[in-house]
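Q: Take this structure, written in structure tokens, and hold onto it; I'll ask about it next.
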Amino acid sequence: MYPYYESDWSVLPPEQNRRFNPAFNMATIRQAFSEAVERVRMPTPTRLRDLIRQIRAARTAAEERAVVNKECAYIRSTFREEDSVWRCRNIAKLLYIHMLGYPAHFGQLECLKLTASTRFTDKRIGYLGAMLLLDERQDVHLLITNCLKNDLNSSTQFVVGLALCTLGAIASPEMARDLASEVERLMKSPNTYIRKKAILCAFRVIRRVPELMEIFLPATRSLLSEKNHGILITGVTLITEMCENSVDTLNHFKKDSGNREIVPNLVRILKNLILAGYSPEHDVSGVSDPFLQVKILRLLRILGHNDPDASEAMNDILAQVATNTETSKNVGNTILYETVISIMDIRSEGGLRVLAVNILGRFLLNSDKNIRYVALNTLLRTVHADTSAVQRHRTTILECLKDPDVSIRRRAMELSFALINGQNIRTMTKELLVFLEKADSEFKAQCSSGMVLAAERYAPSTRWHLDTLLAVLIAAGNYVRDDVVSSTIQLISSSPPNEQSYIAIRLWESLQVSNHCEDKQPLLQVAVWSIGEYADLFLYAEGNEDFEKPKELELIEMYHKFLSSTQVSVTSKQFALVSIMKLSSRIQCCHEEIKTIVETFGTHLNVDLQQRGVEFTQLFGANNHLRSALLEKMPPMQITRVSPQNGTPPDESGSDLLENGLQEDSPSVDQSSNILLDLLGGSDISDKTATTNIQRKNSKNANQNVSEPSNQDLLDLLGGIDLNVPPPMTSSIPIATAENSSTLNGNDLSQLNSVNFNTITQPAVDASMLTNSFLDDLSLTQNTMQPCGPQITALEKNGILVQLVPSKGNGCLQIFMTTTNSSLSSIEQFLFQAAVPRSFTLQMLSPSGSTLPPGGTITQELRVVSTSKAVLRMRLRISYVLDGQPVLEQTEVSGFPENCFD
Amino acid sequence: MMLFMLLFSRQGKLRLQKWYMAYPDKVKKKITRELITTILARKPKMCSFLEWKDCKIVYKRYASLYFCCAIEQNDNELLTLEVIHRYVELLDKYFGSVCELDIIFNFEKAYFILDELLIGGEMQETSKKNVLKAIASQDLLQEDETPQGFFEDHGLG
């Protein structure tokens, strides 16, 4: 009748009172009350979703920034006030703000506080924040390691799960060390949810700290006999990592892996996967657990690598997978792809290999780009194992060069280079040239260098080789690397004269095309080098009737055009300036025009060019009689550079040659690499910055006109390579470092060609015949070298003056010997020998020559390393032939500075 | 091993980032910026793989969202596409035909799901059912401890 009264909860006993809530006791009321007070004291923070809405509503970046800054300021203030009620929500907001790219590091400690909370929500967000906000450098790592340690012992599986997940994501080495034993314990947990996570944590721990592998080994025993796919896939992942890590572990697994041998065990699991009927839980478009299949195939590959027995045991299953897998979907192809790699990597049967390459062939024709990419990639990996099988797909691969997709083009290009051989070089080069012409700039450098290497190895004839290099220079334009320029010049220089004149003509023709000078400067450099060297062949030789020879004046006009162009680089102008000088001794007229052009360089803004302009002008004036002798033709350079690049098969002669070369030449390599090391100031010889280093030093020197010790080495190196050292030396340096040398080579060639300005400041080391004589006057007045001791006159007799200039080198004393001949007769067979006390070691570099014409100079560098504190004395023996009479002088010198050896 | 996973929109806005390698924050930002520009510039018909630095990038677009993973040289690119697809399926099941907005407003859930699929860049569970079950149980745990009735917005709101 009075239902409201009757149902009043206060009058009914608790068991009849449906509205009575036992949780609603005093404690809850008190908590609610204190929270209410809290809420009054501090306004409720914006909800996460509301903040996201606000940020999304911002129409400009500035507006967004304003919203974020306001919220960040608020969040900071709550952090300061140790507000624990809303911490979780605030961190969640902060994580969103962090994703937008704003700084959020101030939330790091708060994340840790959350993880220490007892609430699951707090932990969940706290660990999420820890994974996102913490990076390896943070000191808070120790704190989080403690939190993790606690939670790894929690009784709630999801808390343990969170901790393991965080450990797997961060896994810094210290953390890995501290928590490895906990992880090992959890790996044996009966709870699969925890166990699989612990296994992957072990994987991460080993990844970061390989020496911790030992402790996880026993726990891996039973992993492969599990049924649960989570355990299986994580277990296989862990074992794979262990096997890749050390050969010992690999053997350990092969011999003993619990109940059964590992290979049959894996084969069994794989077989079950394939043969088992449809299982909805693990099915991916008709394939049973592709994730697990791929992992097993990968582990099998590692186990079967170079192991005939293991390979034998997996042949059948691999064949089964390869033939039975459905290929209409990506999943099927995923497995086939992994299978093919495994087949090619293990000692598989011949038939199986054919099957594998055929699968790749099918992949190549697939309409799906991804599959095609994978096919190219895998073919590149297998090309060494079975070249002929891959050759069959050559046309398809060449087709891929035209693909609009960069990734595919790059793969196709590399594969094409790997497929080039003596038989197909002509057709392949033709295709690659077409590709090169249209290629993006990023490909041009690599492709042109690759083509040059291939041409070097397989060129059927010199003419073809020259034509190809020319085509490459034209097609790749300014993207050509220096090594292409240098190797082209080398090739031209060592070709027979008729080829030289041929290529000079072709190069001249190519320069006629408009814009070629600016857009294809490497071509320009090669062209002017060749025209300068072989102008006489090219202008005046008989034959070549179909070629209309240019007039000398036209030639000079052309030179004038690009020497005055602002778009031609300094390097190209250096080439051209030397070349036009050479022309002056090759052609029969127009000397005045040449002189005018050269003279204009006397005021050039670039110091190097200016210097050269001045020097060359001298050759038209007082030293005119020296000109023709100085500008003699270069002796043929030897082609020695063989550097494997771009998928050169290791079994072919190229790399062998390299290795052999290294062994044979090791003494001289040592020597030269020492110089190189000196030059680089002790930096790694294989460092790719080496060349830039040199160049930088070069230009620095040119600008400042001050020499440094390293520069002396540099000069020495260049001098050594350039001219005055017999050919074996030349060959040794390029072999010393494959990559480096190619560029170095380019460098020294350009030096050689352009008469390096550095030589000016270094008369003593200057070795270049080209510059020697006319630099003398300059050098004597302008010796800016910084000797660390007085110049010592060792001998002054018969007009021969031998002087020693000590200079502090890199850990050694460098002594530059200069001999000048002021007599009227020529001196032959000049030989300078030196001996030092036993507490010193002496290294003598090659002299710049052995003949001293009247007024001539010979220089030689000596290096002395001290092994004790003794005072350096030196005994000298100088022999020469004067007017047909052999003369022998012996003398002793001392007075070297004492502080030069530290 | 996966090195990182990024989710970003067609407008180039980052929606999710999961790093399995420790990079400094600056580097992360740089990588993200670079990859987003590179991938957005690629045409839809191009293949899903990119060679980038010393790793491989595998990406795939689902509606307005790009899923982009970096993997190591030896990893299977095609399988990574399957991993991405599996993640999308899970999101779809969890949110019920997922869209970009779901991931924006529930980014923490998206992270939780990913963390049940991958640990340390490797797959931990190949059964969709198990992943969703684990997520559901944890959500329940969260719900249970959130006081209801007094102050409705105790959760993340």
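Chain labels A, B, ... are given in the sequence in which chains occur in the structure tokens; within each chain residues are numbered consecutively from 1, and ligands are likewise numbered from 1 in the order shown.
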Taking only residues of chain A that have an atom at most 6 Å from an atom of chain B, what is each one's shortest atom pair and its distance in Å to one decimal, using only C-alpha atoms, in chain and number order, as a tab-separated table?

A:
```
residue	atom	partner	partner_atom	distance
A:Arg47	CA	B:Gly157	CA	4.7
A:Leu48	CA	B:Gly157	CA	5.6
A:Arg89	CA	B:Leu156	CA	4.9
A:Thr121	CA	B:Gln142	CA	5.4
A:Asp135	CA	B:Ala22	CA	5.9
A:Glu136	CA	B:Ala22	CA	6.0
A:Cys165	CA	B:Ile119	CA	5.9
A:Gly168	CA	B:Gly120	CA	4.6
A:Ala169	CA	B:Gly120	CA	4.9
A:Gly230	CA	B:Glu125	CA	4.6
A:Thr234	CA	B:Gln124	CA	5.8
A:Glu281	CA	B:Ser127	CA	5.5
A:His282	CA	B:Ser127	CA	5.5
A:Thr334	CA	B:Leu78	CA	5.1
A:Lys369	CA	B:Cys47	CA	4.9
A:Asn370	CA	B:Cys47	CA	5.0
A:Asp405	CA	B:Met46	CA	5.5
A:Ser407	CA	B:Leu50	CA	6.0
```

Q: Generate the output file for the selected residues, N, CA, C and O atoms, as a tab-separated table (two decimals), in the first residue's frame.

A:
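The resulting again_14.tsv:
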```tsv
chain	number	residue	atom	x	y	z
A	47	ARG	N	38.85	16.21	-20.27
A	47	ARG	CA	38.92	14.80	-20.64
A	47	ARG	C	39.83	14.66	-21.86
A	47	ARG	O	39.96	15.58	-22.67
A	48	LEU	N	40.41	13.47	-21.99
A	48	LEU	CA	41.30	13.19	-23.12
A	48	LEU	C	40.58	13.46	-24.44
A	48	LEU	O	41.08	14.15	-25.31
A	89	ARG	N	44.91	10.34	-16.45
A	89	ARG	CA	44.30	11.06	-17.57
A	89	ARG	C	45.28	12.10	-18.14
A	89	ARG	O	45.38	12.27	-19.35
A	121	THR	N	44.58	0.45	-14.60
A	121	THR	CA	44.53	1.53	-15.60
A	121	THR	C	45.79	2.38	-15.51
A	121	THR	O	46.40	2.72	-16.53
A	135	ASP	N	63.80	7.17	-23.41
A	135	ASP	CA	64.77	6.59	-24.32
A	135	ASP	C	65.99	6.17	-23.50
A	135	ASP	O	66.05	6.39	-22.30
A	136	GLU	N	66.94	5.57	-24.20
A	136	GLU	CA	68.00	4.85	-23.48
A	136	GLU	C	68.83	5.71	-22.54
A	136	GLU	O	69.38	5.21	-21.58
A	165	CYS	N	56.07	-6.61	-21.80
A	165	CYS	CA	55.95	-5.84	-23.04
A	165	CYS	C	56.85	-4.61	-22.98
A	165	CYS	O	57.54	-4.30	-23.95
A	168	GLY	N	60.41	-5.63	-23.31
A	168	GLY	CA	60.70	-5.96	-24.71
A	168	GLY	C	60.88	-4.73	-25.57
A	168	GLY	O	61.66	-4.72	-26.51
A	169	ALA	N	60.16	-3.66	-25.24
A	169	ALA	CA	60.25	-2.46	-26.07
A	169	ALA	C	61.49	-1.64	-25.73
A	169	ALA	O	62.14	-1.09	-26.60
A	230	GLY	N	51.53	-19.46	-30.26
A	230	GLY	CA	52.24	-18.32	-29.69
A	230	GLY	C	53.60	-18.74	-29.15
A	230	GLY	O	54.61	-18.09	-29.39
A	234	THR	N	57.24	-17.72	-31.04
A	234	THR	CA	58.23	-16.98	-30.26
A	234	THR	C	59.46	-17.85	-30.02
A	234	THR	O	60.59	-17.37	-30.07
A	281	GLU	N	41.34	-20.50	-36.46
A	281	GLU	CA	42.11	-19.63	-35.58
A	281	GLU	C	43.36	-19.10	-36.27
A	281	GLU	O	43.76	-17.96	-36.08
A	282	HIS	N	44.01	-19.97	-37.06
A	282	HIS	CA	45.29	-19.58	-37.63
A	282	HIS	C	45.27	-19.42	-39.14
A	282	HIS	O	46.30	-19.26	-39.76
A	334	THR	N	54.36	-15.09	-49.97
A	334	THR	CA	55.24	-14.84	-48.83
A	334	THR	C	56.00	-16.11	-48.47
A	334	THR	O	57.23	-16.10	-48.30
A	369	LYS	N	53.51	-5.61	-58.14
A	369	LYS	CA	54.84	-4.98	-58.07
A	369	LYS	C	55.67	-5.53	-56.93
A	369	LYS	O	56.87	-5.72	-57.05
A	370	ASN	N	55.00	-5.79	-55.83
A	370	ASN	CA	55.73	-6.26	-54.65
A	370	ASN	C	56.40	-7.58	-54.94
A	370	ASN	O	57.55	-7.81	-54.54
A	405	ASP	N	58.77	2.44	-61.03
A	405	ASP	CA	59.03	2.41	-59.59
A	405	ASP	C	60.53	2.39	-59.28
A	405	ASP	O	61.27	1.56	-59.79
A	407	SER	N	62.18	1.60	-56.57
A	407	SER	CA	62.69	0.42	-55.87
A	407	SER	C	62.98	-0.70	-56.87
A	407	SER	O	64.01	-1.37	-56.78
```

Q: Please give the complete set of residues from stretch 1-132 of chain B that DSSP, run on the backbone, assigns to strand (DSSP E), formatted as an MDAnalysis selection string.

A: chainID B and resid 2:9 14:19 49:52 55:62 65:71 118:119 122:123

Q: Output the selection as an mmCIF file, in the first residue's frame - C-alpha atoms for each residue.

A:
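The resulting again_12.cif:
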```
data_model
loop_
_atom_site.group_PDB
_atom_site.id
_atom_site.type_symbol
_atom_site.label_atom_id
_atom_site.label_comp_id
_atom_site.auth_asym_id
_atom_site.auth_seq_id
_atom_site.Cartn_x
_atom_site.Cartn_y
_atom_site.Cartn_z
ATOM 1 C CA MET B 2 60.739 -4.812 -36.913
ATOM 2 C CA LEU B 3 62.570 -1.620 -36.003
ATOM 3 C CA PHE B 4 59.592 0.672 -35.782
ATOM 4 C CA MET B 5 56.058 1.146 -36.954
ATOM 5 C CA LEU B 6 54.430 4.415 -37.909
ATOM 6 C CA LEU B 7 50.833 5.200 -38.727
ATOM 7 C CA PHE B 8 50.147 8.444 -40.491
ATOM 8 C CA SER B 9 47.373 10.037 -42.439
ATOM 9 C CA LEU B 14 51.365 11.042 -37.358
ATOM 10 C CA ARG B 15 48.730 8.845 -35.728
ATOM 11 C CA LEU B 16 50.777 6.184 -33.979
ATOM 12 C CA GLN B 17 54.454 5.484 -33.458
ATOM 13 C CA LYS B 18 55.999 2.400 -32.008
ATOM 14 C CA TRP B 19 59.778 2.211 -31.714
ATOM 15 C CA PHE B 49 58.942 -1.447 -50.404
ATOM 16 C CA LEU B 50 61.596 1.170 -50.068
ATOM 17 C CA GLU B 51 65.243 0.775 -49.415
ATOM 18 C CA TRP B 52 66.103 3.337 -46.851
ATOM 19 C CA CYS B 55 66.843 -1.075 -43.493
ATOM 20 C CA LYS B 56 63.800 -1.775 -45.595
ATOM 21 C CA ILE B 57 60.576 0.131 -45.345
ATOM 22 C CA VAL B 58 57.337 -1.716 -45.939
ATOM 23 C CA TYR B 59 54.209 0.352 -46.134
ATOM 24 C CA LYS B 60 50.618 -0.044 -47.090
ATOM 25 C CA ARG B 61 47.694 2.309 -47.263
ATOM 26 C CA TYR B 62 44.368 1.421 -45.722
ATOM 27 C CA LEU B 65 45.849 5.798 -43.157
ATOM 28 C CA TYR B 66 49.348 4.653 -44.041
ATOM 29 C CA PHE B 67 50.884 1.803 -42.071
ATOM 30 C CA CYS B 68 54.638 1.903 -42.369
ATOM 31 C CA CYS B 69 57.174 -0.500 -40.861
ATOM 32 C CA ALA B 70 60.941 -0.602 -40.944
ATOM 33 C CA ILE B 71 62.460 -4.069 -41.005
ATOM 34 C CA LEU B 118 54.114 -7.683 -31.307
ATOM 35 C CA ILE B 119 56.763 -7.558 -28.614
ATOM 36 C CA GLU B 122 58.530 -9.735 -33.280
ATOM 37 C CA MET B 123 55.167 -11.430 -33.601
#
```

Q: Could you go through stretch 190-367 of chain A and tell me which residues DSSP, when run on the backbone, assigns to helix (DSSP H, G or I), listing them as number ranges by chain?

A: A: 192-208, 210-220, 223-225, 229-245, 247-255, 262-275, 290-304, 308-324, 330-345, 350-364

Q: Near A:Asn366, counting only C-alpha atoms, which residues have an atom at most 12 Å away, once you skip same-chain residues fewer than 4 positions from it, shown as a ChimeraX atom specification?

A: /A:327-330,333,359-362,370-376,396,400

Q: Kindly export the residues of the current selection with all heavy atoms, as a short mmCIF file (atom, residue, chain, number, x, y, z; two decimals), in the first residue's frame.

A:
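Generated output (result_12.cif):
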```
data_model
loop_
_atom_site.label_atom_id
_atom_site.label_comp_id
_atom_site.auth_asym_id
_atom_site.auth_seq_id
_atom_site.Cartn_x
_atom_site.Cartn_y
_atom_site.Cartn_z
N THR A 327 49.19 -19.83 -54.64
CA THR A 327 49.92 -18.59 -54.94
C THR A 327 49.04 -17.46 -55.43
O THR A 327 49.54 -16.47 -55.96
CB THR A 327 50.99 -18.84 -56.02
OG1 THR A 327 50.33 -19.33 -57.17
CG2 THR A 327 52.02 -19.81 -55.54
N SER A 328 47.75 -17.59 -55.26
CA SER A 328 46.91 -16.51 -55.80
C SER A 328 46.93 -15.29 -54.88
O SER A 328 46.62 -14.19 -55.28
CB SER A 328 45.48 -17.00 -55.99
OG SER A 328 44.99 -17.49 -54.75
N LYS A 329 47.34 -15.50 -53.64
CA LYS A 329 47.31 -14.38 -52.69
C LYS A 329 48.74 -14.04 -52.22
O LYS A 329 49.66 -14.85 -52.37
CB LYS A 329 46.48 -14.76 -51.46
CG LYS A 329 45.02 -14.99 -51.78
CD LYS A 329 44.20 -13.77 -51.39
CE LYS A 329 42.77 -13.81 -51.92
NZ LYS A 329 42.02 -15.00 -51.55
N ASN A 330 48.86 -12.92 -51.60
CA ASN A 330 50.15 -12.49 -51.07
C ASN A 330 50.71 -13.48 -50.05
O ASN A 330 51.91 -13.72 -50.02
CB ASN A 330 50.00 -11.10 -50.44
CG ASN A 330 51.29 -10.57 -49.86
OD1 ASN A 330 52.29 -10.51 -50.56
ND2 ASN A 330 51.28 -10.26 -48.59
N ASN A 333 52.58 -16.30 -51.66
CA ASN A 333 53.86 -15.84 -52.20
C ASN A 333 54.87 -15.54 -51.11
O ASN A 333 56.07 -15.71 -51.30
CB ASN A 333 53.63 -14.61 -53.06
CG ASN A 333 52.93 -14.96 -54.36
OD1 ASN A 333 53.19 -16.03 -54.92
ND2 ASN A 333 52.04 -14.10 -54.81
N ILE A 359 60.35 -20.56 -59.73
CA ILE A 359 59.38 -19.79 -58.94
C ILE A 359 59.69 -18.30 -59.06
O ILE A 359 58.82 -17.47 -59.29
CB ILE A 359 59.40 -20.22 -57.46
CG1 ILE A 359 58.84 -21.64 -57.33
CG2 ILE A 359 58.61 -19.26 -56.59
CD1 ILE A 359 58.92 -22.21 -55.93
N LEU A 360 60.99 -17.99 -58.96
CA LEU A 360 61.38 -16.58 -59.09
C LEU A 360 61.05 -16.05 -60.47
O LEU A 360 60.62 -14.90 -60.63
CB LEU A 360 62.88 -16.42 -58.80
CG LEU A 360 63.29 -16.66 -57.35
CD1 LEU A 360 64.79 -16.51 -57.21
CD2 LEU A 360 62.59 -15.69 -56.43
N GLY A 361 61.24 -16.90 -61.48
CA GLY A 361 60.89 -16.50 -62.85
C GLY A 361 59.41 -16.16 -62.93
O GLY A 361 59.02 -15.17 -63.55
N ARG A 362 58.59 -16.98 -62.28
CA ARG A 362 57.15 -16.70 -62.26
C ARG A 362 56.88 -15.40 -61.53
O ARG A 362 56.06 -14.58 -61.96
CB ARG A 362 56.42 -17.85 -61.55
CG ARG A 362 56.00 -18.96 -62.47
CD ARG A 362 54.77 -19.71 -61.94
NE ARG A 362 54.71 -19.89 -60.51
CZ ARG A 362 55.11 -21.01 -59.87
NH1 ARG A 362 55.65 -22.00 -60.54
NH2 ARG A 362 54.97 -21.11 -58.56
N ASN A 370 55.00 -5.79 -55.83
CA ASN A 370 55.73 -6.26 -54.65
C ASN A 370 56.40 -7.58 -54.94
O ASN A 370 57.55 -7.81 -54.54
CB ASN A 370 54.78 -6.43 -53.47
CG ASN A 370 54.22 -5.10 -53.01
OD1 ASN A 370 54.81 -4.07 -53.31
ND2 ASN A 370 53.11 -5.13 -52.33
N ILE A 371 55.69 -8.44 -55.63
CA ILE A 371 56.24 -9.76 -55.94
C ILE A 371 57.42 -9.59 -56.90
O ILE A 371 58.45 -10.25 -56.77
CB ILE A 371 55.16 -10.66 -56.56
CG1 ILE A 371 53.89 -10.65 -55.75
CG2 ILE A 371 55.67 -12.06 -56.77
CD1 ILE A 371 53.95 -11.39 -54.46
N ARG A 372 57.28 -8.69 -57.84
CA ARG A 372 58.37 -8.48 -58.80
C ARG A 372 59.62 -7.97 -58.09
O ARG A 372 60.74 -8.40 -58.35
CB ARG A 372 57.95 -7.47 -59.87
CG ARG A 372 56.94 -8.02 -60.84
CD ARG A 372 57.25 -7.63 -62.27
NE ARG A 372 57.23 -6.20 -62.50
CZ ARG A 372 56.11 -5.52 -62.74
NH1 ARG A 372 54.95 -6.14 -62.77
NH2 ARG A 372 56.15 -4.24 -62.97
N TYR A 373 59.40 -7.04 -57.17
CA TYR A 373 60.52 -6.50 -56.41
C TYR A 373 61.25 -7.61 -55.67
O TYR A 373 62.47 -7.74 -55.71
CB TYR A 373 60.02 -5.45 -55.42
CG TYR A 373 61.05 -5.03 -54.42
CD1 TYR A 373 61.95 -4.02 -54.71
CD2 TYR A 373 61.16 -5.68 -53.19
CE1 TYR A 373 62.91 -3.65 -53.80
CE2 TYR A 373 62.12 -5.33 -52.28
CZ TYR A 373 62.99 -4.31 -52.59
OH TYR A 373 63.96 -3.97 -51.68
N VAL A 374 60.46 -8.44 -54.99
CA VAL A 374 61.02 -9.52 -54.21
C VAL A 374 61.80 -10.48 -55.12
O VAL A 374 62.88 -10.96 -54.76
CB VAL A 374 59.88 -10.24 -53.47
CG1 VAL A 374 60.30 -11.61 -53.04
CG2 VAL A 374 59.45 -9.43 -52.26
N ALA A 375 61.26 -10.73 -56.30
CA ALA A 375 61.93 -11.63 -57.24
C ALA A 375 63.30 -11.08 -57.63
O ALA A 375 64.32 -11.79 -57.59
CB ALA A 375 61.07 -11.81 -58.47
N LEU A 376 63.34 -9.80 -57.97
CA LEU A 376 64.62 -9.19 -58.37
C LEU A 376 65.62 -9.27 -57.22
O LEU A 376 66.80 -9.58 -57.41
CB LEU A 376 64.41 -7.73 -58.76
CG LEU A 376 63.66 -7.49 -60.07
CD1 LEU A 376 63.29 -6.03 -60.21
CD2 LEU A 376 64.50 -7.92 -61.24
N THR A 396 63.56 -10.22 -69.12
CA THR A 396 62.57 -9.71 -68.18
C THR A 396 63.20 -8.71 -67.24
O THR A 396 62.61 -7.67 -66.91
CB THR A 396 62.00 -10.87 -67.33
OG1 THR A 396 61.93 -12.03 -68.14
CG2 THR A 396 60.65 -10.52 -66.80
N CYS A 400 62.51 -4.60 -66.55
CA CYS A 400 62.27 -3.95 -65.25
C CYS A 400 63.05 -2.64 -65.11
O CYS A 400 62.72 -1.80 -64.28
CB CYS A 400 62.62 -4.88 -64.10
SG CYS A 400 61.51 -6.28 -63.97
#
```
